[in-house]
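Written out below as structure tokens is the structure these notes cover.
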Amino acid sequence: AYEIYQCDWSSDVCSSDLGFDLPPLMLTPDEIEAAVLGAQWVAGRGDPALAKAARDLVAKIGAAVPPNLRPFVLDPASGAAPRWVEPDSLDMAEVRTSIRSGRKIALSYSDEQGRRTERTVWPVAVGYHETVRILAAWCELRGAFRHFRTDRVEAADFLEERYPGRPGALRAAWRRDLKAQQERDMAARRARCEAKSAGADNSAAEPCRRAAAG
């Protein structure tokens, strides 16, 4: 159920049907366009539950801002183009619930060569890329963080079993691991660049150094 708000713009007060008073949502035109643009991106690339939430968010923003700002919601000057996204093979709403509650997921997963493995993972986060979605998780089979394309999951069992520790602590460990991997990748690129540019004059080597730096 939703609370219904009626706004009196002359007094800048919105009253709910439950008796609460709130000030109206005061945003600048640029802030409104940023929120709508982000919601459009999610609506075009998110799973069905998240896409619906994004559309609902735009409707709520439109209802909450003053009338003079409503055109920035209903007819924004910018927009996110729709993109084809590989369909998920598991319920992403359940995935997000498992992430928040710290519960494990049992996966049947096929890699890009079609090799199937059974994994029990501790889900950390979902990454929304242009055409695919990625589940970041601690993999009990590999004893390390791994990233799984959601369209390659053949079956998923959302377990009641919780993994040790808090979800926030696991997410912090994943971010540290991700940062360390990025640093290793950058060092490897730098080493390849230096080897490639050995003996070259400075003007020829400089573009490679800039690329290796990031």
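So you can find residues: chains in the structure tokens are A, B, ... in the order shown, residues in each start at 1, and ligands are numbered from 1 in order.
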
Neighbour list for region 34-50 of chain A as a count of residues only, cut-off 6 Å, only C-alpha atoms, skip fewer than 3 positions in-chain | 6

Write out as a PyMOL selection string which residues come within 7 Å of Arg146 (chain A) when counting only C-alpha atoms, dropping same-chain ones fewer than 2 positions away.
-> chain A and resi 136-139+144+148

Residues from the last selection, N, CA, C and O atoms, saved as a compact mmCIF listing (two decimals), in the first residue's frame:
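Once written, result.txt looks like this:
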```txt
# COMPACT_ATOMS: atom_id res chain seq x y z
N ALA A 136 28.43 -10.46 -9.04
CA ALA A 136 29.70 -10.58 -8.32
C ALA A 136 29.44 -11.36 -7.04
O ALA A 136 28.48 -11.09 -6.32
N ALA A 137 30.31 -12.34 -6.75
CA ALA A 137 30.07 -13.21 -5.60
C ALA A 137 31.36 -13.89 -5.17
O ALA A 137 32.30 -14.06 -5.96
N TRP A 138 31.39 -14.30 -3.90
CA TRP A 138 32.45 -15.17 -3.42
C TRP A 138 32.06 -16.59 -3.79
O TRP A 138 30.96 -17.04 -3.51
N CYS A 139 32.97 -17.29 -4.47
CA CYS A 139 32.69 -18.64 -4.96
C CYS A 139 33.35 -19.65 -4.02
O CYS A 139 34.58 -19.65 -3.86
N ALA A 144 37.46 -17.80 -4.00
CA ALA A 144 37.83 -16.45 -4.42
C ALA A 144 36.60 -15.75 -4.97
O ALA A 144 35.57 -16.38 -5.23
N PHE A 148 29.86 -13.65 -12.54
CA PHE A 148 29.05 -14.57 -13.35
C PHE A 148 28.06 -13.79 -14.21
O PHE A 148 27.32 -12.95 -13.70
```

Using 10 Å as the limit and counting only C-alpha atoms, can you tabulate each residue of region 113-184 of chain A that touches region 84-88 of chain A, with its shortest atom-to-atom distance in Å and the two atoms involved, as a tab-separated table?
```
residue	atom	partner	partner_atom	distance
A:Tyr128	CA	A:Val85	CA	9.6
A:His129	CA	A:Val85	CA	8.7
A:Glu130	CA	A:Val85	CA	7.1
A:Thr131	CA	A:Val85	CA	4.2
A:Val132	CA	A:Glu86	CA	5.5
A:Arg133	CA	A:Asp88	CA	7.7
A:Ile134	CA	A:Asp88	CA	9.8
A:Arg149	CA	A:Asp88	CA	8.5
A:Thr150	CA	A:Asp88	CA	5.2
A:Asp151	CA	A:Asp88	CA	4.6
A:Arg152	CA	A:Asp88	CA	8.0
A:Val153	CA	A:Asp88	CA	7.9
A:Glu154	CA	A:Asp88	CA	9.8
```

Could you pull out the residues in region 39-181 of chain A that DSSP calls strand (DSSP E or B) from the backbone, as number ranges by chain?
-> A: 103-110, 116-128, 133-139, 144-149, 153-162

By how many Å are CA of Lys60 (chain A) and CA of Ile32 (chain A) apart?
-> 11.8 Å

All residues 10 Å or closer to Arg100 (chain A), only C-alpha atoms, same chain fewer than 2 positions away omitted, as a list in words | Glu94, Val95, Arg96, Thr97, Ser98, Gly102, Arg103, Pro123, Val124, Ala125, Arg166, Pro167 and Gly168 of chain A

Store the residues of this selection in a file with N, CA, C and O atoms, as an mmCIF file, in the first residue's frame.
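Contents of the output file selection.cif:
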```cif
data_model
loop_
_atom_site.group_PDB
_atom_site.id
_atom_site.type_symbol
_atom_site.label_atom_id
_atom_site.label_comp_id
_atom_site.auth_asym_id
_atom_site.auth_seq_id
_atom_site.Cartn_x
_atom_site.Cartn_y
_atom_site.Cartn_z
ATOM 1 N N GLU A 94 15.081 -11.955 -6.613
ATOM 2 C CA GLU A 94 15.530 -12.881 -5.573
ATOM 3 C C GLU A 94 17.026 -12.727 -5.319
ATOM 4 O O GLU A 94 17.491 -12.860 -4.181
ATOM 5 N N VAL A 95 17.782 -12.468 -6.356
ATOM 6 C CA VAL A 95 19.219 -12.243 -6.192
ATOM 7 C C VAL A 95 19.468 -11.045 -5.280
ATOM 8 O O VAL A 95 20.277 -11.110 -4.343
ATOM 9 N N ARG A 96 18.769 -9.947 -5.535
ATOM 10 C CA ARG A 96 18.965 -8.756 -4.700
ATOM 11 C C ARG A 96 18.538 -9.017 -3.253
ATOM 12 O O ARG A 96 19.165 -8.524 -2.314
ATOM 13 N N THR A 97 17.476 -9.816 -3.073
ATOM 14 C CA THR A 97 17.057 -10.176 -1.718
ATOM 15 C C THR A 97 18.150 -10.974 -1.017
ATOM 16 O O THR A 97 18.453 -10.752 0.167
ATOM 17 N N SER A 98 18.766 -11.908 -1.736
ATOM 18 C CA SER A 98 19.852 -12.701 -1.155
ATOM 19 C C SER A 98 21.060 -11.833 -0.819
ATOM 20 O O SER A 98 21.725 -12.050 0.198
ATOM 21 N N GLY A 102 22.233 -11.598 3.017
ATOM 22 C CA GLY A 102 23.436 -12.375 3.280
ATOM 23 C C GLY A 102 23.241 -13.864 3.140
ATOM 24 O O GLY A 102 23.867 -14.650 3.865
ATOM 25 N N ARG A 103 22.389 -14.295 2.208
ATOM 26 C CA ARG A 103 22.115 -15.717 2.012
ATOM 27 C C ARG A 103 22.821 -16.247 0.763
ATOM 28 O O ARG A 103 23.018 -15.523 -0.215
ATOM 29 N N PRO A 123 26.522 -13.984 -2.732
ATOM 30 C CA PRO A 123 26.326 -12.845 -3.648
ATOM 31 C C PRO A 123 26.708 -11.518 -3.017
ATOM 32 O O PRO A 123 26.405 -11.251 -1.848
ATOM 33 N N VAL A 124 27.372 -10.687 -3.800
ATOM 34 C CA VAL A 124 27.874 -9.400 -3.321
ATOM 35 C C VAL A 124 27.148 -8.230 -3.969
ATOM 36 O O VAL A 124 26.683 -7.309 -3.303
ATOM 37 N N ALA A 125 27.078 -8.248 -5.305
ATOM 38 C CA ALA A 125 26.516 -7.106 -6.037
ATOM 39 C C ALA A 125 26.134 -7.550 -7.438
ATOM 40 O O ALA A 125 26.598 -8.587 -7.929
ATOM 41 N N ARG A 166 28.852 -10.115 7.800
ATOM 42 C CA ARG A 166 27.806 -9.204 7.337
ATOM 43 C C ARG A 166 27.948 -8.959 5.836
ATOM 44 O O ARG A 166 29.066 -8.960 5.306
ATOM 45 N N PRO A 167 26.829 -8.690 5.150
ATOM 46 C CA PRO A 167 26.916 -8.371 3.718
ATOM 47 C C PRO A 167 27.823 -7.170 3.443
ATOM 48 O O PRO A 167 28.574 -7.169 2.457
ATOM 49 N N GLY A 168 27.775 -6.167 4.310
ATOM 50 C CA GLY A 168 28.619 -4.996 4.087
ATOM 51 C C GLY A 168 30.100 -5.325 4.166
ATOM 52 O O GLY A 168 30.917 -4.766 3.419
#
```

Can you list every residue in region 42-168 of chain A that DSSP puts in helix (DSSP H, G or I), as number ranges by chain?
-> A: 42-45, 48-64, 67-74, 92-101, 150-152, 167-168

With only C-alpha atoms as the atoms that count, which of A:Val73, A:Ala180, A:Met186, A:Ala155 lies nearest to Thr117 (chain A)?
->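 Of A:Val73, A:Ala180, A:Met186, A:Ala155, the one nearest Thr117 (chain A) is A:Ala155, counting only C-alpha atoms.
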